[in-house]
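**Student:** Sharing a structure here in structure tokens format.
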Amino acid sequence: MGKQYTKCISDTASPIKLCGPVSPLVLNGLGYGAAAVIVALGAMLIALGIAVASGNAAAVAFLIAATVYVVEAAFYGGFMEGMCDQWLNRRLICLNKDDFTNVQDVPNVEEECAMGRVVKSEDVDKSFSNFDLDSFINLQLMPHLKEDDALPANTKNSLFHDEQQGFHFMRRRLKGRGWSDDAGDYRKFLHCEFESDYWKKICQISKILAPLAPVAVALFSPIVEGACNAVLGFLGFLAPIVCKILAPLLAMALLMLLNLALGRLASDPGSSSDANVGERPEDPILMDETVVVRGRFVYDAGHCEGWHEIHPVQKVMRVKVEMYLERKGKKPAPTLTPPVLDWDKLTQTDMDDGLDSQRFFDVSSALKGLFCGEIGKSRDPLVIAAQGADINRWTIHPSVDGCKDGEDTSTSGPIIK
């Protein structure tokens with residue numbers, strides 16, 4: 001099964017709609033940080049009040065000094081927790097079939113299945129400025145060609161009016177959200193991501209670094225303040241005041257950059273090999289391969305102009321090119337195709353007409369259904385139950401260490417035949 005660290009939520013449960021991925025992260029972080037400071041400050045004031053009432057001067061002095069430390073540590077811990085919450089839990093909007101407006105805030109929703117040709121090889125942006133180490137592929141949905149996104153609506157070969165995958169996955173759904181430009185790849189191809197544990201590692205490390213935030217402020221603030229005064233010297237007498245305020249915040253920002261760097265070192269980029277049931281391929285998914293993917297269907301709201309995508313991909317399966325259907329392509333050889341699809345009845349005219357041919361339309365729909373059914377069997381309760389049956393509990397071969405249906409398996413150890 002593919003690795004999953006994120007949740008998706010309904011559109012109404014995603015209040016932050018600012019442009020760009022950084023602003024919502026910072027705003028949510030500030031909200032969490034402020035809440036953490038209020039709680040910490042409240043607790044310290046209660047303790048300080050008790051100390052004052054008891055007349056313990058040493059305790060009062062200690063608590064006054066400790067308050068600054070606790071508040072700074074609480075702010076950093078809360079700020080990073082808010083960033084993590086925004087990225088992991090409030091960035092993706094569920095698009096579960098057509099009931100996307102009523103999806104609850106749950107980690108799993110029903111998987112969607114797509115079949116297509118890879119037009120962007122598996123890749124991950126490892127630059128430090130990137131907030132995401134998920135790998136991804138882009139799919140040209142079967143049976144379309146690249147130019148189909150520009151075809152008029154009066155043909156089913158139009159990507160957005162095909163009454164099949166294009167209409168389901170690529171038509172715009174969330175009217176109140178920014179939408180990627182029609183000329184962009186994310187508008188023409190289905191974006192599919194394999195999740196990394198990058199942000200999970202960031203969150204784990206932030207809990208370790210939070211108690212060190214006051215130390216970082218104490219060490220870095222004088223350096224930062226000196227540099228700030230040099231840069232803002234043109235402000236005259238205001239420069240020291242402004243820099244005194246900014247210094248602790250900039251010192252915490254340096255600690256945050258360290259947090260991000262350590263998270264990057266400790267994390268693994270997402271990979272298609274994590275989304276396979278059974279055999280784990282050694283090679284990433286390459287350009288022009290034909291694949292079937294299953295995963296959660298979402299809108300990525302972490303951008304000024306978002307798009308629909310499968311995120312995360314839970315399963316992926318390579319398909320032989322001979323088993324793939326593409327309009328204007330070569331008519332498949334019947335001996336290489338499942339006979340239930342009646343591919344032998346397709347004519348070259350059907351191939352050229354594409355989805356405007358009812359026969360081609362039916363075969364395309366049946367082909368997707370066939371492979372989506374096969375890749376979905378790993379989640380079938382009957383298949384899962386059968387896998388655990390005694391008759392299927394063998395390691396080498398059923399005739400060597402297998403069991404017959406109804407055979408007594410109460411004895412310990414393998415049954416050698």
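Just remember, in the structure tokens the first chain shown is A, the second B, etc., residues are 1-based per chain, and ligands are 1-based in the order shown.
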Show which residues sit within 8 Å of region 152-167 of chain A, as JSON, numbers by chain. Count only C-alpha atoms, and ignore same-chain residues fewer than 5 positions away.

**Tutor:** {"A": [114, 141, 142, 144, 188, 354, 355, 356, 365]}

**Student:** Residues as selected, N, CA and C atoms, written as a CSV table (one decimal), in the first residue's frame, can you do that?

**Tutor:**
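Ended up saving to again23.csv:
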chain,number,residue,atom,x,y,z
A,114,ALA,N,-7.5,5.5,-12.2
A,114,ALA,CA,-7.3,6.1,-13.5
A,114,ALA,C,-6.3,5.3,-14.3
A,141,LEU,N,-4.7,10.8,-19.9
A,141,LEU,CA,-5.8,9.8,-19.6
A,141,LEU,C,-6.2,9.0,-20.9
A,142,MET,N,-6.3,7.7,-20.7
A,142,MET,CA,-6.7,6.9,-21.8
A,142,MET,C,-8.2,7.2,-22.3
A,144,HIS,N,-7.0,9.2,-24.7
A,144,HIS,CA,-6.7,10.6,-25.3
A,144,HIS,C,-5.3,10.8,-25.9
A,188,LYS,N,-4.2,19.7,-18.3
A,188,LYS,CA,-4.4,18.7,-19.4
A,188,LYS,C,-4.1,17.3,-19.0
A,354,GLY,N,-12.2,7.3,-32.6
A,354,GLY,CA,-12.0,7.4,-31.2
A,354,GLY,C,-13.3,7.2,-30.5
A,355,LEU,N,-13.5,8.1,-29.5
A,355,LEU,CA,-14.7,8.0,-28.6
A,355,LEU,C,-16.0,8.4,-29.3
A,356,ASP,N,-15.9,9.0,-30.5
A,356,ASP,CA,-17.1,9.2,-31.3
A,356,ASP,C,-17.7,8.0,-31.9
A,365,SER,N,-14.2,2.0,-22.2
A,365,SER,CA,-14.8,1.9,-20.8
A,365,SER,C,-14.5,0.6,-20.2

**Student:** Determine, counting only C-alpha atoms, which protein, DNA and RNA residues have an atom within 7 Å of an atom of Leu190 (chain A); residues of the same chain fewer than 5 positions away are not included. Present the result as a list of chain:residue names.

**Tutor:**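 Residues near the query, excluding close chain neighbours: A:Asn138, A:Leu139, A:Gln140, A:Glu309.
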
**Student:** Report the distance between CA of Leu41 (chain A) and CA of Val224 (chain A) in Å, rounded to one decimal place.

**Tutor:**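 We find that CA of Leu41 (chain A) and CA of Val224 (chain A) lie 25.8 Å from each other.
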
**Student:** I'd like to know which residues of region 18-263 of chain A are strand (DSSP E or B) (by DSSP, run on the backbone); could you write them as a ChimeraX atom specification?

**Tutor:** /A:92-94,106,112-123,135-141,179,190-194

**Student:** Would you put the residues from that selection into a file with C-alpha atoms, as a PDB file, in the first residue's frame?

**Tutor:**
ATOM      1  CA  LEU A  92      -6.021  19.003   0.250  1.00  0.00           C
ATOM      2  CA  ILE A  93      -9.749  19.126  -0.478  1.00  0.00           C
ATOM      3  CA  CYS A  94     -11.541  15.806  -0.947  1.00  0.00           C
ATOM      4  CA  VAL A 106     -11.268  11.828   7.775  1.00  0.00           C
ATOM      5  CA  GLU A 112     -10.452   6.523  -7.395  1.00  0.00           C
ATOM      6  CA  CYS A 113      -8.857   4.660 -10.302  1.00  0.00           C
ATOM      7  CA  ALA A 114      -7.308   6.127 -13.457  1.00  0.00           C
ATOM      8  CA  MET A 115      -5.566   4.624 -16.468  1.00  0.00           C
ATOM      9  CA  GLY A 116      -3.282   6.442 -18.858  1.00  0.00           C
ATOM     10  CA  ARG A 117       0.064   7.057 -20.510  1.00  0.00           C
ATOM     11  CA  VAL A 118       2.883   8.723 -18.559  1.00  0.00           C
ATOM     12  CA  VAL A 119       3.804  12.133 -20.003  1.00  0.00           C
ATOM     13  CA  LYS A 120       6.035  13.128 -17.088  1.00  0.00           C
ATOM     14  CA  SER A 121       8.476  10.573 -15.699  1.00  0.00           C
ATOM     15  CA  GLU A 122       8.513  10.001 -11.956  1.00  0.00           C
ATOM     16  CA  ASP A 123      10.300  12.965 -10.447  1.00  0.00           C
ATOM     17  CA  SER A 135       7.431  12.313  -6.184  1.00  0.00           C
ATOM     18  CA  PHE A 136       4.902  12.487  -8.998  1.00  0.00           C
ATOM     19  CA  ILE A 137       3.912  11.468 -12.494  1.00  0.00           C
ATOM     20  CA  ASN A 138       1.504  13.110 -14.939  1.00  0.00           C
ATOM     21  CA  LEU A 139      -0.937  10.962 -16.882  1.00  0.00           C
ATOM     22  CA  GLN A 140      -2.451  11.509 -20.296  1.00  0.00           C
ATOM     23  CA  LEU A 141      -5.755   9.798 -19.644  1.00  0.00           C
ATOM     24  CA  TRP A 179      -7.833  27.171 -11.120  1.00  0.00           C
ATOM     25  CA  LEU A 190      -3.831  14.059 -14.263  1.00  0.00           C
ATOM     26  CA  HIS A 191      -1.214  14.798 -11.615  1.00  0.00           C
ATOM     27  CA  CYS A 192      -0.463  11.772  -9.377  1.00  0.00           C
ATOM     28  CA  GLU A 193       1.696  12.059  -6.234  1.00  0.00           C
ATOM     29  CA  PHE A 194       3.482   9.493  -4.054  1.00  0.00           C
TER      30      PHE A 194
END

**Student:** Quick one: residues within 12 Å of Ser357 (chain A), only C-alpha atoms, excluding same-chain residues fewer than 3 positions away - as number ranges by chain?

**Tutor:** A: 155-157, 162, 327-328, 346-354, 360-364

**Student:** Taking the chain letters and numbering used in this document, name the residues of region 121-158 of chain A that DSSP puts in helix (DSSP H, G or I), as a list of chain:residue names.

**Tutor:**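 Across region 121-158 of chain A, those assigned helix (DSSP H, G or I) are A:Lys146, A:Glu147, A:Asp148, A:Asp149, A:Ala150.
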
**Student:** Using only C-alpha atoms, which residue out of A:Leu341, A:Ala150, A:Val60, A:Cys403 lies closest to Arg359 (chain A)?

**Tutor:** A:Leu341

**Student:** Could you work out how far CA of Met287 (chain A) lies from CA of Lys126 (chain A), giving the answer in Å with one decimal?

**Tutor:**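 Spanning CA of Lys126 (chain A) to CA of Met287 (chain A) is a straight-line distance of 19.8 Å.
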
**Student:** Would you pick out the contacts of Ala301 (chain A) at 9 Å or less, using only C-alpha atoms, so that residues sharing its chain but fewer than 5 positions from it are not included, and give the list as a ChimeraX atom specification?

**Tutor:** /A:14,17,20-21,90-93,177-178,306-307

**Student:** In Å, how far is it from CA of Lys207 (chain A) to CA of Gly77 (chain A)?

**Tutor:**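 Going from CA of Lys207 (chain A) over to CA of Gly77 (chain A) covers 6.3 Å.
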
**Student:** Given only C-alpha atoms as the basis, pick out the residue of A:Val313, A:Leu45, A:Leu258, A:Leu145 nearest to Val298 (chain A).

**Tutor:** A:Val313

**Student:** Counting only C-alpha atoms, figure out which residue out of A:Ala43, A:Leu219, A:Ala366, A:Ile285 gets nearest to Leu325 (chain A).

**Tutor:**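 Checking each of A:Ala43, A:Leu219, A:Ala366, A:Ile285 against Leu325 (chain A), counting only C-alpha atoms, the winner is A:Ala366.
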